[in-house]
Amino acid sequence: MQVLGIKTDLIKVGDDLVGALKKGMAAAGLSLQDGDILVVSESTVATSEGRVFKLEDVSPGDLACSLAARYHKDPREMELILRESDEILGGIPGVVLTLNKGFLYPNAGIDNSNAPPGYVVLFPADAQKSAMEIRKAMAGDKKIGVIIGDSRTHPLRLGCVGVALGCAGLEAVEDARGQKDLFGRELKITRKAVADNLVSAAQIVMGEGDEGIPAVIIRDAPVQIREVSSEIPTIPPQECMYLGALRSGPRPYTGGYDDLIEQAKEAMNDAYAPYSGFKVGAALLCKSGRIYSAGNIENASSGADICAERAAVAKAIASGEREFEAVAVVGNTPDPISPCGICRQSLMEFGKEIQVVMVNLKGDAVIASIEDLLPRAFTGRCMGLKI
Ligand code: THU
């Protein structure tokens, strides 16, 4: 497989992209052959289509201003991000993660790399349509494929890989299910992201900066050229491993607080629960390294009940402790026990980072920070205090 770079002049707003590519190919002595796949960078396509905005001309609304303050971004850029995305899932300073027509992107794909100062480039309005149009205009009598490519990162990996935004003339994702692995086992999940992989190969030659190579021809790729014009397939967010695993909330407990759990189990014996018969044990690990444990304390007037967690907190506070690392809670529940709302609020008082290990007698266990269990809690900060 060969990857042949096409150098062009700088593509500006309204330029004839197909003309520029043909000129660049002619200058390099290249012409398209049957089976070739042309990969064009999305920012070049977007620029030629006029998807370039001068930030000065954008007036941000209230929502854009408040999100920009929260995520440390230019409010005008945030306004464009809002216009370009179906949903903003969250973010970190400088970047928000957006969902648009099933595609997950940082900042809705808006950036200022390869844009003149004071300008930003948006995604092509319809990259699939652009891919089909470029294919039609470039192919002549040849059977070719066209991919509009971009780069993006994978969770926790440093560096960008290729991703296809539009793909014409080849199957973007090949189904490898049913094929056999080295040991004859049938592959059950594997689909090959052919178009994304080709964009990654293209990017080795294209670069991301001032190389002046906005497109490549991939020759002799083991990929069939055929008449497919479907959108690039995506999966719904609820089937996505990353989105599913990263949703805040309890995660499986995989160790680290075994001793604390043991002490919480023993504390069930200290419970005073003559009314419900439901015994709960809690063990609270302080930053000092000491552990305070307690069972629940019931009352004829049930509103006066004290849960095991709050009993343990009271013991620790009464002993002069103020900083807590983790609390284990155990009860005889079908699923791992879950602290009540009042206990969540009580624990939140002493730190949103406190880890809560929730356990039942069968040994099922999950762990979450108190902030995950009580998001957007009311705290002293809400009253302007620095507690
Ligand atoms: N209880 C706890 O001690 N901790 C919890 O996390 C949930 C509930 C107690 C309070 C009461 O004594 C009994 O369980 C039934 O509500």
# chains A, B, ... in the order shown; residues from 1 in each chain; ligands from 1
call {"tool": "select_by_dssp", "arguments": {"residues": "stretch 66-234 of chain A", "states": "alpha helix (DSSP H)", "output": "NGL selection string"}}
result
:A and (66-71 or 75-84 or 127-139 or 194-206)
call {"tool": "select_by_dssp", "arguments": {"residues": "stretch 89-198 of chain A", "states": "strand (DSSP E or B)", "output": "count of residues only"}}
result
40
call {"tool": "residues_near_ligand", "arguments": {"ligand": "ligand 1", "cutoff": "9 Å", "atoms": "only C-alpha atoms and all ligand atoms", "output": "tab-separated table (two decimals) with all heavy atoms, in the first residue's frame"}}
result
chain	number	residue	atom	x	y	z
A	271	ALA	N	-25.06	-2.82	66.35
A	271	ALA	CA	-26.30	-2.11	65.99
A	271	ALA	C	-27.35	-2.26	67.08
A	271	ALA	O	-27.45	-3.32	67.72
A	271	ALA	CB	-26.83	-2.64	64.66
A	272	TYR	N	-28.11	-1.21	67.27
A	272	TYR	CA	-29.29	-1.29	68.15
A	272	TYR	C	-30.48	-1.09	67.22
A	272	TYR	O	-30.82	0.03	66.84
A	272	TYR	CB	-29.22	-0.18	69.22
A	272	TYR	CG	-30.49	-0.07	70.03
A	272	TYR	CD1	-30.83	-1.04	70.99
A	272	TYR	CD2	-31.36	0.98	69.82
A	272	TYR	CE1	-32.01	-0.93	71.71
A	272	TYR	CE2	-32.54	1.09	70.54
A	272	TYR	CZ	-32.86	0.12	71.48
A	272	TYR	OH	-34.02	0.22	72.19
A	273	ALA	N	-31.06	-2.22	66.76
A	273	ALA	CA	-32.11	-2.13	65.75
A	273	ALA	C	-33.29	-3.02	66.10
A	273	ALA	O	-33.69	-3.90	65.34
A	273	ALA	CB	-31.54	-2.51	64.37
A	274	PRO	N	-33.90	-2.80	67.30
A	274	PRO	CA	-34.99	-3.70	67.73
A	274	PRO	C	-36.26	-3.51	66.92
A	274	PRO	O	-37.11	-4.38	66.91
A	274	PRO	CB	-35.20	-3.29	69.19
A	274	PRO	CG	-34.72	-1.89	69.28
A	274	PRO	CD	-33.62	-1.75	68.29
A	275	TYR	N	-36.39	-2.39	66.23
A	275	TYR	CA	-37.65	-2.11	65.51
A	275	TYR	C	-37.63	-2.70	64.11
A	275	TYR	O	-38.56	-3.41	63.71
A	275	TYR	CB	-37.91	-0.60	65.49
A	275	TYR	CG	-38.07	-0.07	66.89
A	275	TYR	CD1	-37.01	0.56	67.54
A	275	TYR	CD2	-39.25	-0.30	67.60
A	275	TYR	CE1	-37.13	0.98	68.85
A	275	TYR	CE2	-39.38	0.13	68.92
A	275	TYR	CZ	-38.32	0.77	69.54
A	275	TYR	OH	-38.45	1.16	70.84
A	276	SER	N	-36.55	-2.45	63.36
A	276	SER	CA	-36.51	-2.97	61.98
A	276	SER	C	-35.81	-4.32	61.93
A	276	SER	O	-36.03	-5.11	61.02
A	276	SER	CB	-35.77	-1.98	61.07
A	276	SER	OG	-34.38	-1.99	61.38
A	277	GLY	N	-34.95	-4.60	62.88
A	277	GLY	CA	-34.15	-5.82	62.82
A	277	GLY	C	-33.10	-5.73	61.72
A	277	GLY	O	-32.34	-6.68	61.46
A	278	PHE	N	-33.02	-4.58	61.08
A	278	PHE	CA	-32.10	-4.39	59.95
A	278	PHE	C	-30.81	-3.76	60.47
A	278	PHE	O	-30.78	-2.58	60.81
A	278	PHE	CB	-32.77	-3.49	58.90
A	278	PHE	CG	-31.96	-3.28	57.66
A	278	PHE	CD1	-31.82	-4.28	56.71
A	278	PHE	CD2	-31.34	-2.05	57.42
A	278	PHE	CE1	-31.07	-4.09	55.57
A	278	PHE	CE2	-30.59	-1.85	56.28
A	278	PHE	CZ	-30.46	-2.88	55.35
A	279	LYS	N	-29.76	-4.61	60.56
A	279	LYS	CA	-28.51	-4.12	61.16
A	279	LYS	C	-27.56	-3.61	60.09
A	279	LYS	O	-27.37	-4.26	59.05
A	279	LYS	CB	-27.83	-5.24	61.94
A	279	LYS	CG	-28.64	-5.65	63.15
A	279	LYS	CD	-27.91	-6.71	63.95
A	279	LYS	CE	-28.67	-6.94	65.26
A	279	LYS	NZ	-27.92	-7.81	66.16
A	280	VAL	N	-26.99	-2.46	60.36
A	280	VAL	CA	-26.02	-1.87	59.42
A	280	VAL	C	-24.75	-1.58	60.19
A	280	VAL	O	-24.80	-1.21	61.38
A	280	VAL	CB	-26.58	-0.54	58.82
A	280	VAL	CG1	-25.58	0.07	57.84
A	280	VAL	CG2	-27.92	-0.78	58.13
A	281	GLY	N	-23.60	-1.78	59.53
A	281	GLY	CA	-22.32	-1.44	60.15
A	281	GLY	C	-21.56	-0.46	59.27
A	281	GLY	O	-21.63	-0.54	58.03
A	282	ALA	N	-20.86	0.48	59.89
A	282	ALA	CA	-20.05	1.43	59.12
A	282	ALA	C	-18.70	1.58	59.79
A	282	ALA	O	-18.59	1.53	61.03
A	282	ALA	CB	-20.75	2.78	59.04
A	295	GLY	N	-22.66	0.84	64.63
A	295	GLY	CA	-23.86	0.27	64.01
A	295	GLY	C	-24.97	1.31	64.07
A	295	GLY	O	-24.80	2.38	64.67
A	296	ASN	N	-26.10	1.00	63.43
A	296	ASN	CA	-27.22	1.96	63.46
A	296	ASN	C	-27.89	1.96	64.84
A	296	ASN	O	-27.88	0.94	65.55
A	296	ASN	CB	-28.23	1.69	62.34
A	296	ASN	CG	-28.62	0.24	62.22
A	296	ASN	OD1	-27.87	-0.65	62.57
A	296	ASN	ND2	-29.83	-0.02	61.73
A	297	ILE	N	-28.47	3.09	65.22
A	297	ILE	CA	-29.09	3.24	66.55
A	297	ILE	C	-30.54	3.66	66.35
A	297	ILE	O	-30.80	4.80	65.92
A	297	ILE	CB	-28.34	4.32	67.37
A	297	ILE	CG1	-26.83	4.01	67.41
A	297	ILE	CG2	-28.93	4.44	68.78
A	297	ILE	CD1	-25.97	5.18	67.91
A	298	GLU	N	-31.47	2.72	66.59
A	298	GLU	CA	-32.88	3.04	66.32
A	298	GLU	C	-33.58	3.64	67.56
A	298	GLU	O	-33.02	3.68	68.65
A	298	GLU	CB	-33.60	1.80	65.82
A	298	GLU	CG	-33.06	1.40	64.44
A	298	GLU	CD	-33.86	0.31	63.77
A	298	GLU	OE1	-34.63	-0.40	64.44
A	298	GLU	OE2	-33.69	0.16	62.53
A	299	ASN	N	-34.80	4.08	67.31
A	299	ASN	CA	-35.57	4.74	68.37
A	299	ASN	C	-37.04	4.43	68.17
A	299	ASN	O	-37.49	4.25	67.03
A	299	ASN	CB	-35.34	6.27	68.27
A	299	ASN	CG	-35.84	7.00	69.48
A	299	ASN	OD1	-37.04	7.24	69.61
A	299	ASN	ND2	-34.93	7.34	70.38
A	302	SER	N	-39.18	6.72	65.03
A	302	SER	CA	-38.18	6.35	64.02
A	302	SER	C	-37.42	7.55	63.43
A	302	SER	O	-36.29	7.40	62.96
A	302	SER	CB	-38.83	5.55	62.89
A	302	SER	OG	-39.83	6.34	62.28
A	305	ASP	N	-33.93	7.86	64.57
A	305	ASP	CA	-32.92	6.85	64.22
A	305	ASP	C	-31.61	7.53	63.80
A	305	ASP	O	-31.64	8.58	63.16
A	305	ASP	CB	-33.39	6.01	63.02
A	305	ASP	CG	-34.48	4.99	63.41
A	305	ASP	OD1	-34.82	4.92	64.60
A	305	ASP	OD2	-34.97	4.31	62.48
A	306	ILE	N	-30.52	6.88	64.15
A	306	ILE	CA	-29.21	7.36	63.66
A	306	ILE	C	-28.60	6.23	62.83
A	306	ILE	O	-28.41	5.12	63.34
A	306	ILE	CB	-28.26	7.75	64.81
A	306	ILE	CG1	-28.92	8.79	65.72
A	306	ILE	CG2	-26.94	8.28	64.26
A	306	ILE	CD1	-28.17	9.03	67.02
A	307	CYS	N	-28.32	6.51	61.58
A	307	CYS	CA	-27.72	5.48	60.72
A	307	CYS	C	-26.30	5.18	61.18
A	307	CYS	O	-25.66	6.01	61.84
A	307	CYS	CB	-27.66	5.96	59.27
A	307	CYS	SG	-29.26	6.13	58.51
A	308	ALA	N	-25.82	4.00	60.77
A	308	ALA	CA	-24.48	3.57	61.17
A	308	ALA	C	-23.42	4.58	60.73
A	308	ALA	O	-22.48	4.88	61.48
A	308	ALA	CB	-24.20	2.20	60.55
A	309	GLU	N	-23.57	5.10	59.52
A	309	GLU	CA	-22.56	6.03	59.00
A	309	GLU	C	-22.46	7.27	59.87
A	309	GLU	O	-21.37	7.74	60.22
A	309	GLU	CB	-22.92	6.49	57.57
A	309	GLU	CG	-23.02	5.40	56.54
A	309	GLU	CD	-24.42	4.82	56.42
A	309	GLU	OE1	-25.04	4.55	57.48
A	309	GLU	OE2	-24.90	4.63	55.30
A	310	ARG	N	-23.64	7.83	60.23
A	310	ARG	CA	-23.61	9.06	61.03
A	310	ARG	C	-23.14	8.77	62.46
A	310	ARG	O	-22.51	9.62	63.08
A	310	ARG	CB	-24.96	9.76	61.00
A	310	ARG	CG	-25.09	10.66	59.76
A	310	ARG	CD	-26.44	11.29	59.67
A	310	ARG	NE	-27.46	10.29	59.42
A	310	ARG	CZ	-28.63	10.22	60.04
A	310	ARG	NH1	-28.93	11.10	60.96
A	310	ARG	NH2	-29.49	9.28	59.73
A	311	ALA	N	-23.43	7.55	62.93
A	311	ALA	CA	-22.94	7.19	64.27
A	311	ALA	C	-21.41	7.14	64.24
A	311	ALA	O	-20.75	7.62	65.18
A	311	ALA	CB	-23.54	5.85	64.69
A	329	VAL	N	-19.58	0.66	54.36
A	329	VAL	CA	-20.92	0.46	54.93
A	329	VAL	C	-21.39	-0.94	54.52
A	329	VAL	O	-21.29	-1.31	53.34
A	329	VAL	CB	-21.94	1.49	54.37
A	329	VAL	CG1	-23.19	1.50	55.23
A	329	VAL	CG2	-21.35	2.87	54.27
A	330	VAL	N	-21.88	-1.70	55.49
A	330	VAL	CA	-22.32	-3.07	55.19
A	330	VAL	C	-23.73	-3.30	55.73
A	330	VAL	O	-24.06	-2.86	56.83
A	330	VAL	CB	-21.37	-4.12	55.84
A	330	VAL	CG1	-21.74	-5.52	55.39
A	330	VAL	CG2	-19.91	-3.84	55.51
A	331	GLY	N	-24.54	-3.98	54.95
A	331	GLY	CA	-25.88	-4.37	55.39
A	331	GLY	C	-26.27	-5.65	54.66
A	331	GLY	O	-25.66	-6.00	53.64
A	337	ILE	N	-25.30	-2.16	49.76
A	337	ILE	CA	-26.12	-1.17	50.47
A	337	ILE	C	-25.80	0.24	49.96
A	337	ILE	O	-24.70	0.49	49.44
A	337	ILE	CB	-25.88	-1.27	52.00
A	337	ILE	CG1	-26.94	-0.48	52.75
A	337	ILE	CG2	-24.47	-0.83	52.37
A	337	ILE	CD1	-26.96	-0.78	54.25
A	338	SER	N	-26.76	1.12	50.08
A	338	SER	CA	-26.58	2.48	49.58
A	338	SER	C	-26.92	3.45	50.70
A	338	SER	O	-28.02	3.39	51.25
A	338	SER	CB	-27.54	2.66	48.40
A	338	SER	OG	-27.10	3.66	47.55
A	339	PRO	N	-26.00	4.34	51.07
A	339	PRO	CA	-26.26	5.26	52.18
A	339	PRO	C	-27.46	6.15	51.90
A	339	PRO	O	-27.69	6.54	50.75
A	339	PRO	CB	-24.99	6.11	52.28
A	339	PRO	CG	-23.95	5.35	51.55
A	339	PRO	CD	-24.65	4.54	50.51
A	340	CYS	N	-28.20	6.47	52.95
A	340	CYS	CA	-29.38	7.30	52.76
A	340	CYS	C	-28.97	8.75	52.47
A	340	CYS	O	-27.80	9.12	52.61
A	340	CYS	CB	-30.27	7.25	53.99
A	340	CYS	SG	-29.68	8.27	55.34
A	341	GLY	N	-29.92	9.54	52.06
A	341	GLY	CA	-29.64	10.93	51.68
A	341	GLY	C	-29.05	11.75	52.81
A	341	GLY	O	-28.13	12.55	52.60
A	343	CYS	N	-27.24	10.69	55.32
A	343	CYS	CA	-25.83	10.30	55.54
A	343	CYS	C	-24.93	10.87	54.45
A	343	CYS	O	-23.80	11.28	54.72
A	343	CYS	CB	-25.69	8.77	55.59
A	343	CYS	SG	-26.36	8.10	57.12
A	344	ARG	N	-25.41	10.87	53.21
A	344	ARG	CA	-24.61	11.47	52.13
A	344	ARG	C	-24.33	12.93	52.45
A	344	ARG	O	-23.21	13.42	52.30
A	344	ARG	CB	-25.35	11.35	50.79
A	344	ARG	CG	-25.49	9.91	50.34
A	344	ARG	CD	-26.30	9.76	49.06
A	344	ARG	NE	-26.67	8.36	48.92
A	344	ARG	CZ	-26.84	7.73	47.76
A	344	ARG	NH1	-26.70	8.38	46.63
A	344	ARG	NH2	-27.14	6.46	47.75
A	358	MET	N	-19.53	0.43	49.44
A	358	MET	CA	-20.87	-0.08	49.78
A	358	MET	C	-20.88	-1.59	49.57
A	358	MET	O	-20.54	-2.04	48.47
A	358	MET	CB	-21.91	0.61	48.89
A	358	MET	CG	-21.97	2.11	49.15
A	358	MET	SD	-22.64	3.07	47.76
A	358	MET	CE	-21.15	3.39	46.82
call {"tool": "residues_around", "arguments": {"residues": "A:Thr190", "least_positions_apart": "2", "cutoff": "12 Å", "atoms": "only C-alpha atoms", "output": "mmCIF file with all heavy atoms, in the first residue's frame"}}
result
data_model
loop_
_atom_site.group_PDB
_atom_site.id
_atom_site.type_symbol
_atom_site.label_atom_id
_atom_site.label_comp_id
_atom_site.auth_asym_id
_atom_site.auth_seq_id
_atom_site.Cartn_x
_atom_site.Cartn_y
_atom_site.Cartn_z
ATOM 1 N N VAL A 173 -16.961 1.040 7.603
ATOM 2 C CA VAL A 173 -16.733 0.058 8.669
ATOM 3 C C VAL A 173 -17.040 -1.321 8.106
ATOM 4 O O VAL A 173 -18.127 -1.551 7.590
ATOM 5 C CB VAL A 173 -17.637 0.343 9.891
ATOM 6 C CG1 VAL A 173 -17.451 -0.723 10.961
ATOM 7 C CG2 VAL A 173 -17.340 1.722 10.467
ATOM 8 N N GLU A 174 -16.037 -2.205 8.174
ATOM 9 C CA GLU A 174 -16.229 -3.564 7.649
ATOM 10 C C GLU A 174 -16.570 -4.499 8.793
ATOM 11 O O GLU A 174 -15.959 -4.436 9.860
ATOM 12 C CB GLU A 174 -14.932 -4.045 7.007
ATOM 13 C CG GLU A 174 -14.992 -4.125 5.504
ATOM 14 C CD GLU A 174 -13.633 -4.519 4.951
ATOM 15 O OE1 GLU A 174 -13.005 -5.458 5.487
ATOM 16 O OE2 GLU A 174 -13.210 -3.850 3.989
ATOM 17 N N ASP A 175 -17.510 -5.359 8.558
ATOM 18 C CA ASP A 175 -17.945 -6.308 9.580
ATOM 19 C C ASP A 175 -17.043 -7.538 9.531
ATOM 20 O O ASP A 175 -17.046 -8.263 8.550
ATOM 21 C CB ASP A 175 -19.399 -6.694 9.290
ATOM 22 C CG ASP A 175 -20.061 -7.287 10.505
ATOM 23 O OD1 ASP A 175 -19.327 -7.668 11.446
ATOM 24 O OD2 ASP A 175 -21.299 -7.359 10.516
ATOM 25 N N ALA A 176 -16.265 -7.730 10.598
ATOM 26 C CA ALA A 176 -15.373 -8.901 10.611
ATOM 27 C C ALA A 176 -15.961 -10.027 11.449
ATOM 28 O O ALA A 176 -15.313 -11.042 11.688
ATOM 29 C CB ALA A 176 -14.008 -8.505 11.159
ATOM 30 N N ARG A 177 -17.208 -9.854 11.911
ATOM 31 C CA ARG A 177 -17.821 -10.919 12.708
ATOM 32 C C ARG A 177 -17.992 -12.149 11.845
ATOM 33 O O ARG A 177 -18.287 -12.048 10.664
ATOM 34 C CB ARG A 177 -19.170 -10.468 13.260
ATOM 35 C CG ARG A 177 -19.035 -9.453 14.390
ATOM 36 C CD ARG A 177 -20.353 -8.910 14.786
ATOM 37 N NE ARG A 177 -21.016 -8.288 13.647
ATOM 38 C CZ ARG A 177 -22.267 -7.842 13.670
ATOM 39 N NH1 ARG A 177 -22.982 -7.977 14.749
ATOM 40 N NH2 ARG A 177 -22.783 -7.276 12.602
ATOM 41 N N GLY A 178 -17.823 -13.294 12.454
ATOM 42 C CA GLY A 178 -17.963 -14.522 11.682
ATOM 43 C C GLY A 178 -16.619 -15.016 11.188
ATOM 44 O O GLY A 178 -16.420 -16.204 11.006
ATOM 45 N N GLN A 179 -15.632 -14.104 11.003
ATOM 46 C CA GLN A 179 -14.293 -14.555 10.646
ATOM 47 C C GLN A 179 -13.686 -15.299 11.832
ATOM 48 O O GLN A 179 -14.114 -15.124 12.968
ATOM 49 C CB GLN A 179 -13.404 -13.351 10.293
ATOM 50 C CG GLN A 179 -13.735 -12.717 8.960
ATOM 51 C CD GLN A 179 -12.825 -11.523 8.681
ATOM 52 O OE1 GLN A 179 -11.779 -11.359 9.276
ATOM 53 N NE2 GLN A 179 -13.268 -10.683 7.756
ATOM 54 N N LYS A 180 -12.638 -16.096 11.549
ATOM 55 C CA LYS A 180 -12.050 -16.898 12.633
ATOM 56 C C LYS A 180 -10.759 -16.249 13.142
ATOM 57 O O LYS A 180 -10.024 -15.630 12.384
ATOM 58 C CB LYS A 180 -11.725 -18.301 12.105
ATOM 59 C CG LYS A 180 -12.948 -19.083 11.619
ATOM 60 C CD LYS A 180 -13.504 -19.943 12.723
ATOM 61 C CE LYS A 180 -14.571 -20.925 12.298
ATOM 62 N NZ LYS A 180 -15.756 -20.404 11.684
ATOM 63 N N ASP A 181 -10.513 -16.383 14.460
ATOM 64 C CA ASP A 181 -9.235 -15.901 14.987
ATOM 65 C C ASP A 181 -8.192 -17.006 14.791
ATOM 66 O O ASP A 181 -8.464 -18.038 14.183
ATOM 67 C CB ASP A 181 -9.371 -15.457 16.453
ATOM 68 C CG ASP A 181 -9.503 -16.627 17.425
ATOM 69 O OD1 ASP A 181 -9.471 -17.796 16.972
ATOM 70 O OD2 ASP A 181 -9.643 -16.373 18.632
ATOM 71 N N GLU A 186 -14.735 -17.945 16.489
ATOM 72 C CA GLU A 186 -15.417 -16.937 15.676
ATOM 73 C C GLU A 186 -15.320 -15.556 16.336
ATOM 74 O O GLU A 186 -15.549 -15.427 17.536
ATOM 75 C CB GLU A 186 -16.886 -17.336 15.551
ATOM 76 C CG GLU A 186 -17.426 -17.092 14.158
ATOM 77 C CD GLU A 186 -18.813 -17.670 14.001
ATOM 78 O OE1 GLU A 186 -19.742 -17.070 14.545
ATOM 79 O OE2 GLU A 186 -18.932 -18.717 13.326
ATOM 80 N N LEU A 187 -14.971 -14.529 15.565
ATOM 81 C CA LEU A 187 -14.931 -13.166 16.116
ATOM 82 C C LEU A 187 -16.364 -12.695 16.335
ATOM 83 O O LEU A 187 -17.198 -12.820 15.456
ATOM 84 C CB LEU A 187 -14.201 -12.224 15.157
ATOM 85 C CG LEU A 187 -12.739 -12.563 14.869
ATOM 86 C CD1 LEU A 187 -12.168 -11.639 13.804
ATOM 87 C CD2 LEU A 187 -11.910 -12.457 16.138
ATOM 88 N N LYS A 188 -16.627 -12.166 17.526
ATOM 89 C CA LYS A 188 -18.013 -11.831 17.855
ATOM 90 C C LYS A 188 -18.323 -10.344 17.744
ATOM 91 O O LYS A 188 -19.417 -9.936 17.436
ATOM 92 C CB LYS A 188 -18.316 -12.293 19.294
ATOM 93 C CG LYS A 188 -18.346 -13.820 19.400
ATOM 94 C CD LYS A 188 -19.633 -14.293 20.058
ATOM 95 C CE LYS A 188 -19.962 -15.725 19.760
ATOM 96 N NZ LYS A 188 -18.909 -16.678 20.085
ATOM 97 N N LYS A 192 -14.082 -3.606 11.560
ATOM 98 C CA LYS A 192 -12.863 -2.860 11.214
ATOM 99 C C LYS A 192 -13.237 -1.459 10.772
ATOM 100 O O LYS A 192 -13.999 -1.290 9.828
ATOM 101 C CB LYS A 192 -12.120 -3.573 10.083
ATOM 102 C CG LYS A 192 -11.279 -4.724 10.577
ATOM 103 C CD LYS A 192 -10.249 -5.106 9.539
ATOM 104 C CE LYS A 192 -10.749 -6.282 8.739
ATOM 105 N NZ LYS A 192 -9.813 -6.752 7.729
ATOM 106 N N ALA A 193 -12.685 -0.468 11.447
ATOM 107 C CA ALA A 193 -12.937 0.921 11.068
ATOM 108 C C ALA A 193 -11.989 1.270 9.916
ATOM 109 O O ALA A 193 -10.996 1.968 10.088
ATOM 110 C CB ALA A 193 -12.732 1.837 12.257
ATOM 111 N N VAL A 194 -12.315 0.742 8.748
ATOM 112 C CA VAL A 194 -11.422 0.858 7.585
ATOM 113 C C VAL A 194 -11.134 2.325 7.256
ATOM 114 O O VAL A 194 -9.979 2.713 7.061
ATOM 115 C CB VAL A 194 -12.061 0.152 6.364
ATOM 116 C CG1 VAL A 194 -11.234 0.372 5.106
ATOM 117 C CG2 VAL A 194 -12.218 -1.328 6.648
#
call {"tool": "closest_residue", "arguments": {"among": "A:Glu133, A:Ile148, A:Leu30, A:Gly159", "to": "A:Pro214", "atoms": "only C-alpha atoms"}}
result
A:Ile148
call {"tool": "residues_around", "arguments": {"residues": "stretch 126-129 of chain A", "least_positions_apart": "6", "cutoff": "12 Å", "atoms": "only C-alpha atoms", "output": "PyMOL selection string"}}
result
chain A and resi 40-46+49+51+84+100-101+135-136+146-150+164-169+172+228-233
call {"tool": "closest_residue", "arguments": {"among": "A:Val120, A:Met268, A:Ala202, A:Ala115", "to": "A:Asp74", "atoms": "only C-alpha atoms"}}
result
A:Val120
call {"tool": "residues_around", "arguments": {"residues": "A:Asn360", "least_positions_apart": "4", "cutoff": "8 Å", "atoms": "only C-alpha atoms", "output": "list of chain:residue names"}}
result
A:Val330, A:Gly331, A:Asn332, A:Thr333, A:Pro334, A:Asp335, A:Pro336, A:Ile337, A:Asp364, A:Ala365
call {"tool": "residues_around", "arguments": {"residues": "A:Asp34", "least_positions_apart": "3", "cutoff": "6 Å", "atoms": "only C-alpha atoms", "output": "count of residues only"}}
result
3
call {"tool": "residues_around", "arguments": {"residues": "A:Gly61", "least_positions_apart": "6", "cutoff": "12 Å", "atoms": "only C-alpha atoms", "output": "short mmCIF file (atom, residue, chain, number, x, y, z; two decimals) with all heavy atoms, in the first residue's frame"}}
result
data_model
loop_
_atom_site.label_atom_id
_atom_site.label_comp_id
_atom_site.auth_asym_id
_atom_site.auth_seq_id
_atom_site.Cartn_x
_atom_site.Cartn_y
_atom_site.Cartn_z
N LEU A 67 -21.07 29.15 30.03
CA LEU A 67 -20.27 27.93 29.77
C LEU A 67 -18.81 28.29 29.52
O LEU A 67 -17.90 27.56 29.92
CB LEU A 67 -20.85 27.17 28.57
CG LEU A 67 -22.17 26.45 28.82
CD1 LEU A 67 -22.74 25.92 27.52
CD2 LEU A 67 -21.99 25.32 29.81
N ALA A 68 -18.59 29.42 28.85
CA ALA A 68 -17.21 29.85 28.57
C ALA A 68 -16.46 30.12 29.87
O ALA A 68 -15.30 29.75 30.02
CB ALA A 68 -17.22 31.09 27.69
N PRO A 75 -15.86 33.17 24.88
CA PRO A 75 -17.33 33.07 24.78
C PRO A 75 -17.82 33.01 23.34
O PRO A 75 -18.82 32.36 23.05
CB PRO A 75 -17.83 34.36 25.44
CG PRO A 75 -16.69 34.91 26.20
CD PRO A 75 -15.43 34.37 25.61
N ARG A 76 -17.09 33.64 22.43
CA ARG A 76 -17.52 33.62 21.02
C ARG A 76 -17.32 32.23 20.43
O ARG A 76 -18.15 31.72 19.68
CB ARG A 76 -16.74 34.67 20.22
CG ARG A 76 -16.96 36.08 20.78
CD ARG A 76 -15.93 37.04 20.28
NE ARG A 76 -14.58 36.61 20.63
CZ ARG A 76 -13.48 37.27 20.31
NH1 ARG A 76 -13.55 38.39 19.59
NH2 ARG A 76 -12.28 36.83 20.64
N GLU A 77 -16.22 31.58 20.83
CA GLU A 77 -15.98 30.22 20.36
C GLU A 77 -17.05 29.29 20.96
O GLU A 77 -17.56 28.40 20.29
CB GLU A 77 -14.59 29.79 20.82
CG GLU A 77 -13.90 28.87 19.83
CD GLU A 77 -12.49 28.54 20.28
OE1 GLU A 77 -11.75 29.48 20.63
OE2 GLU A 77 -12.16 27.35 20.27
N MET A 78 -17.38 29.54 22.24
CA MET A 78 -18.40 28.71 22.90
C MET A 78 -19.75 28.88 22.20
O MET A 78 -20.51 27.92 22.07
CB MET A 78 -18.49 29.09 24.38
CG MET A 78 -19.34 28.18 25.21
SD MET A 78 -18.87 26.43 25.14
CE MET A 78 -17.67 26.34 26.45
N GLU A 79 -20.05 30.09 21.75
CA GLU A 79 -21.30 30.33 21.02
C GLU A 79 -21.34 29.45 19.76
O GLU A 79 -22.36 28.80 19.47
CB GLU A 79 -21.40 31.82 20.66
CG GLU A 79 -22.61 32.18 19.81
CD GLU A 79 -23.93 31.95 20.53
OE1 GLU A 79 -23.99 32.19 21.74
OE2 GLU A 79 -24.89 31.50 19.86
N LEU A 80 -20.23 29.41 19.04
CA LEU A 80 -20.18 28.58 17.83
C LEU A 80 -20.30 27.10 18.18
O LEU A 80 -20.97 26.34 17.49
CB LEU A 80 -18.88 28.84 17.05
CG LEU A 80 -18.75 30.23 16.40
CD1 LEU A 80 -17.36 30.42 15.80
CD2 LEU A 80 -19.81 30.41 15.31
N ILE A 81 -19.66 26.70 19.28
CA ILE A 81 -19.74 25.29 19.72
C ILE A 81 -21.20 24.93 20.00
O ILE A 81 -21.68 23.87 19.58
CB ILE A 81 -18.85 25.06 20.97
CG1 ILE A 81 -17.37 25.18 20.60
CG2 ILE A 81 -19.14 23.69 21.60
CD1 ILE A 81 -16.42 25.20 21.79
N LEU A 82 -21.91 25.84 20.68
CA LEU A 82 -23.32 25.57 20.99
C LEU A 82 -24.14 25.43 19.70
O LEU A 82 -24.99 24.55 19.59
CB LEU A 82 -23.90 26.70 21.83
CG LEU A 82 -23.64 26.63 23.34
CD1 LEU A 82 -24.06 27.93 24.01
CD2 LEU A 82 -24.39 25.45 23.95
N ARG A 83 -23.87 26.29 18.75
CA ARG A 83 -24.62 26.22 17.49
C ARG A 83 -24.33 24.94 16.72
O ARG A 83 -25.17 24.43 16.01
CB ARG A 83 -24.23 27.41 16.58
CG ARG A 83 -24.80 28.73 17.05
CD ARG A 83 -24.46 29.81 16.05
NE ARG A 83 -24.37 31.11 16.70
CZ ARG A 83 -23.85 32.20 16.16
NH1 ARG A 83 -23.36 32.16 14.92
NH2 ARG A 83 -23.82 33.33 16.81
#
